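This report concerns only the one structure given below.
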Amino acid sequence: MLRRCYIRFIRKVNDRKGVEGQEETRKAFDFMLSYVGADIASGPVWMEYIAFLKSMPAANTQEETQRMTAVRKAYQKAVVTPTHHIEQLWRDYENFENSVSRQLAKGLLSEYQPKYNSARAVYRELKKYVDEIDWNMLAIPPTDSCKDQMQWVAWKRLLAFEKGNPQRIDSASNKRIIFSYEQCLMYLYHYPDIWYDYATWQAKSGSMDAAVKVFQRALKALPESEMLKYAYAELEESRGSLQSAKKLYESLLGDAAETTTLAHIQFIRFLRRNEGVEAARKYFLDARKSPSCTYHVYVAYALMAFCLDKDPKVAHNVFEAGLKQFMHEPVYILEYADFLSCLNDDRNIRALFERALSSLPQEESIEVWKRFTQFEKTYGDLASMLKVEQRRKEALSGTSEEGASALETSLLDLISRYSFKDLWPCSSKDLDHLSRQEWLSKNIGKKVDKSALSNGSAMTDKSTSAPSGVSTASLKVLRPDTSQMVIYDPRQHHGTTVPSNTTTAILAASNLSNPMATVVGAASNPLSNPTVSMVDGVSSNAFDEVLKATPPSLSAFLAGLPSIEGPAPNVDIVLSICLQNDYPTVQTKKATSLPSQRTAGPAPSTSDLSGSSKSHPIPSNSSFRPRDRQLGKRKDQERQEEEESTTVQSQPLQRDAFRIRQMQKARGGSASQTGSVSYGSALSGDLSGSTC
């Protein structure tokens, strides 16, 4: 928008200047398009530029030809630039070429058709990344807000696409990448990583001068950024501009009171790389007098002299000089000990440890004692090993709550002596067991909660004497309370209890249109909890009301169901109860019409589980005894009642084909011998009868 306002101003100023003014306007268009012509939203600018070229007057044929050539070049640049108006520009270009010469248009359009297709494909992919960017974002320093982080990610994706897209149109000049970085910096102006990426890309592309300019702009934007100063100095040093790099290092040093230790160390290394050993030594002598100098400078210069200059004597002198000033620093003592280990100077190592331990406070000597004992375990004899270990216990006994118990020798001390890196003279199980025993011995005089011991939550003492390197994760294992375990029921929701068999069946029968299906399903559920008497706050009084409203036959059936113990009920027991019980009859009026129905034809029977319906005639010969007649009448009454209440069971019982066949054979054999009528299997729903 700003560029278009600029070009409108130029056109307004130059409108009255004739040909000279038009030429100035054309140059202004070229200047503007060199910066924003690669923008995805630059389509209107290209169209305005082409319209301006078409409007230029032509006094003769030569000027007309020049105008047409300028318009053609503008079109050819526009149709290979992925913008929102690329398709409109291509249509306008086709019309323009066809209006000039159809024969010439055919060749030119066929030449630029593949380039246009490629640019259009790039545009469709580019649009996905552009749509994620907030173009109204303000250039503010980085924050932890989600919005700023998402915008940073969106810009990084766009830049990665521009740098890695193989279909990029202007890969030779890299204008699109440069434009994308410049656009990004308008919003992420205070992000040092964007500046660094931009400069690094310029350097890798071969534009070292452009990379230097980017770093200079970055330091103006972020003058306090040490990271960018080191990066800029590295670039200058890599291309041989040592004086420029040295000035950058000196700017990092700045005021002596504000100079960081890291700046001293990095400048010593720079001087050693480029000006030699003497220049580095001279600056070290000056730096050690600075109030901001710490033991890090001594360690860095001593190791540089030892490793690079191959001069262990100078390194030893530097460490000794620093020891006078930094004897109270345990880390410096350990660095000095490592240096002496490289020299195989075990005598001076022991002397160093003794000097340090005699001056360090008890709280700060823990790591030094640890290194001393480790050194003796690795390189000392058995007597010195045991002696140093005992001295360490005596010295550190006051830092722990155990007191005298810390002086005792345990098996863990032996494990620590005979271990090496990740190799242990015992299994991890034994090590865990010993660690627990160590904790118990330390807390033997304390009152410990039994639950803490069973759950392992108390085994988190940081002062345990387990050998170094042993993971204490096993000491924090939480074990479940097995006394609260119950049988899992998938129907049970979080925060509710599971009703008993009888309660579940009663509630289901009172609320569902298919009570028998619910009852059978509840009775056959092996996961129900028979000990619960409350369901979601329903009291026993509510259950009594439900029982009163339950049909007598259903209540009798429920009352006869056995209580289930274990994961599954005994099917044979349930079937025997169902076959032997005589359930009361409710609908006596309808039962009186059953004989006529029975004589008219076979009585229908609905299978409870198998889903099949079969008709079974009742024998009507003279040998049918009165007792059998009564049983058949009662069976027909029950069958009629079941047909009126339910037809399909919603929760079928589990089928065991082998058990069904065995039971059928057993009942068939007994019926043939006794001549009695037996009711059908509760699993198959059949009614069978035989006479002798």
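In the structure tokens, each chain is lettered A, B, ... as it comes, each chain's residues begin at 1, and ligands are numbered from 1 in order of appearance.
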> Contacts of Asp197 in chain A at 10 Å or less, counting only C-alpha atoms, minus same-chain residues fewer than 6 places along, as a PyMOL selection string?
Replying inline: chain A and resi 159+181+203+211+214
>> Could you list, as a ChimeraX atom specification, every residue within 12 Å of Pro361 in chain A, counting only C-alpha atoms and ignoring same-chain residues fewer than 4 positions away?
In response: /A:327-330,356-357,365-369,395-396,398-399
>> Set the distance at 12 Å and use only C-alpha atoms: which residues neighbour Tyr198 in chain A once local chain neighbours fewer than 3 positions away are removed? I'd like the list as JSON, numbers by chain.
In response: {"A": [156, 159, 160, 163, 177, 178, 179, 180, 181, 182, 183, 184, 185, 189, 191, 192, 193, 194, 195, 201, 202, 203, 204, 205, 207, 208, 210, 211, 212, 213, 214, 215, 217, 218, 228]}
>> Applying 8 Å and only C-alpha atoms, which residues near range 126-132 of chain A remain after dropping the ones on its own chain fewer than 5 positions away? List them as an MDAnalysis selection string.
In response: chainID A and resid 151 154 157:158 161
>> When you look at range 2-11 of chain A with a cut-off of 9 Å (counting only C-alpha atoms), what residues show up, excluding the ones that are within fewer than 3 positions of it in the same chain? I need them as a list in words.
In response: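 Using only C-alpha atoms, the neighbours found are Asn14, Asp15, Gly21, Gln22, Glu24, Thr25, Ala28, Phe29, Met32, Val36 and Val45 of chain A.
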Given the selection you just returned, output its residues as a file containing all heavy atoms, formatted as a CSV table (one decimal), in the first residue's frame.
```
chain,number,residue,atom,x,y,z
A,14,ASN,N,4.4,14.1,-12.1
A,14,ASN,CA,5.0,14.1,-13.5
A,14,ASN,C,4.0,14.1,-14.6
A,14,ASN,O,4.4,14.0,-15.8
A,14,ASN,CB,5.9,12.9,-13.6
A,14,ASN,CG,7.1,12.9,-12.7
A,14,ASN,OD1,7.8,13.9,-12.6
A,14,ASN,ND2,7.4,11.8,-12.1
A,15,ASP,N,2.7,14.3,-14.3
A,15,ASP,CA,1.7,14.2,-15.3
A,15,ASP,C,1.8,15.4,-16.3
A,15,ASP,O,1.6,15.3,-17.5
A,15,ASP,CB,0.3,14.2,-14.7
A,15,ASP,CG,-0.1,12.8,-14.3
A,15,ASP,OD1,0.5,11.9,-14.8
A,15,ASP,OD2,-1.1,12.7,-13.6
A,21,GLY,N,8.3,13.5,-18.0
A,21,GLY,CA,7.6,13.1,-16.8
A,21,GLY,C,7.2,11.6,-16.9
A,21,GLY,O,7.2,10.9,-15.9
A,22,GLN,N,6.8,11.2,-18.0
A,22,GLN,CA,6.4,9.8,-18.2
A,22,GLN,C,7.6,8.9,-18.0
A,22,GLN,O,7.5,7.8,-17.5
A,22,GLN,CB,5.8,9.6,-19.6
A,22,GLN,CG,4.4,10.2,-19.8
A,22,GLN,CD,3.8,10.0,-21.1
A,22,GLN,OE1,4.5,9.6,-22.1
A,22,GLN,NE2,2.6,10.3,-21.3
A,24,GLU,N,10.1,9.5,-16.1
A,24,GLU,CA,10.4,9.5,-14.6
A,24,GLU,C,9.4,8.5,-13.9
A,24,GLU,O,9.8,7.8,-13.0
A,24,GLU,CB,10.3,10.9,-14.1
A,24,GLU,CG,11.4,11.8,-14.5
A,24,GLU,CD,12.7,11.4,-13.9
A,24,GLU,OE1,12.8,10.8,-12.8
A,24,GLU,OE2,13.8,11.7,-14.6
A,25,THR,N,8.2,8.5,-14.4
A,25,THR,CA,7.2,7.6,-13.8
A,25,THR,C,7.6,6.2,-14.1
A,25,THR,O,7.4,5.3,-13.2
A,25,THR,CB,5.8,7.9,-14.3
A,25,THR,OG1,5.5,9.3,-14.0
A,25,THR,CG2,4.8,7.1,-13.7
A,28,ALA,N,10.2,5.1,-11.8
A,28,ALA,CA,9.7,4.9,-10.5
A,28,ALA,C,9.0,3.5,-10.4
A,28,ALA,O,9.1,2.8,-9.4
A,28,ALA,CB,8.7,6.0,-10.1
A,29,PHE,N,8.3,3.1,-11.4
A,29,PHE,CA,7.6,1.8,-11.5
A,29,PHE,C,8.7,0.7,-11.4
A,29,PHE,O,8.6,-0.3,-10.7
A,29,PHE,CB,6.8,1.6,-12.7
A,29,PHE,CG,5.3,2.0,-12.5
A,29,PHE,CD1,4.8,3.1,-13.1
A,29,PHE,CD2,4.5,1.2,-11.7
A,29,PHE,CE1,3.5,3.4,-13.0
A,29,PHE,CE2,3.2,1.6,-11.5
A,29,PHE,CZ,2.7,2.7,-12.1
A,32,MET,N,10.2,0.5,-7.9
A,32,MET,CA,9.2,-0.2,-7.0
A,32,MET,C,9.1,-1.7,-7.2
A,32,MET,O,9.2,-2.5,-6.2
A,32,MET,CB,7.9,0.5,-7.1
A,32,MET,CG,6.8,-0.1,-6.1
A,32,MET,SD,5.2,0.7,-6.3
A,32,MET,CE,4.8,0.1,-7.9
A,36,VAL,N,9.2,-4.9,-4.6
A,36,VAL,CA,8.0,-5.6,-4.2
A,36,VAL,C,7.4,-6.4,-5.3
A,36,VAL,O,6.3,-7.0,-5.1
A,36,VAL,CB,6.9,-4.5,-3.7
A,36,VAL,CG1,7.5,-3.8,-2.5
A,36,VAL,CG2,6.5,-3.6,-4.8
A,45,VAL,N,-0.1,-4.1,-8.6
A,45,VAL,CA,1.0,-3.2,-9.1
A,45,VAL,C,1.4,-3.5,-10.5
A,45,VAL,O,1.7,-2.6,-11.3
A,45,VAL,CB,2.2,-3.3,-8.1
A,45,VAL,CG1,3.3,-2.4,-8.5
A,45,VAL,CG2,1.7,-3.0,-6.7
```
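The interatomic distance for the pair CA of Lys246 in chain A and CA of Arg269 in chain A works out to 11.6 Å.
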>> Excluding range 74-90 of chain A and its own-chain neighbours fewer than 3 positions away, which residues fall within 10 Å of it when counting only C-alpha atoms? Please give them as JSON, numbers by chain.
In response: {"A": [30, 37, 38, 39, 40, 41, 42, 43, 44, 45, 46, 47, 49, 50, 53, 68, 69, 70, 71, 93, 94, 95, 96, 97, 108, 109, 112, 113, 114, 115, 116, 117, 118, 119, 120, 121, 122, 123, 124, 125, 126, 127, 168, 169, 170, 176]}
>> One number please: CA of Ser225 in chain A to CA of Ala245 in chain A, in Å, one decimal.
In response: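 Atom-to-atom, CA of Ser225 in chain A to CA of Ala245 in chain A, that is 15.8 Å.
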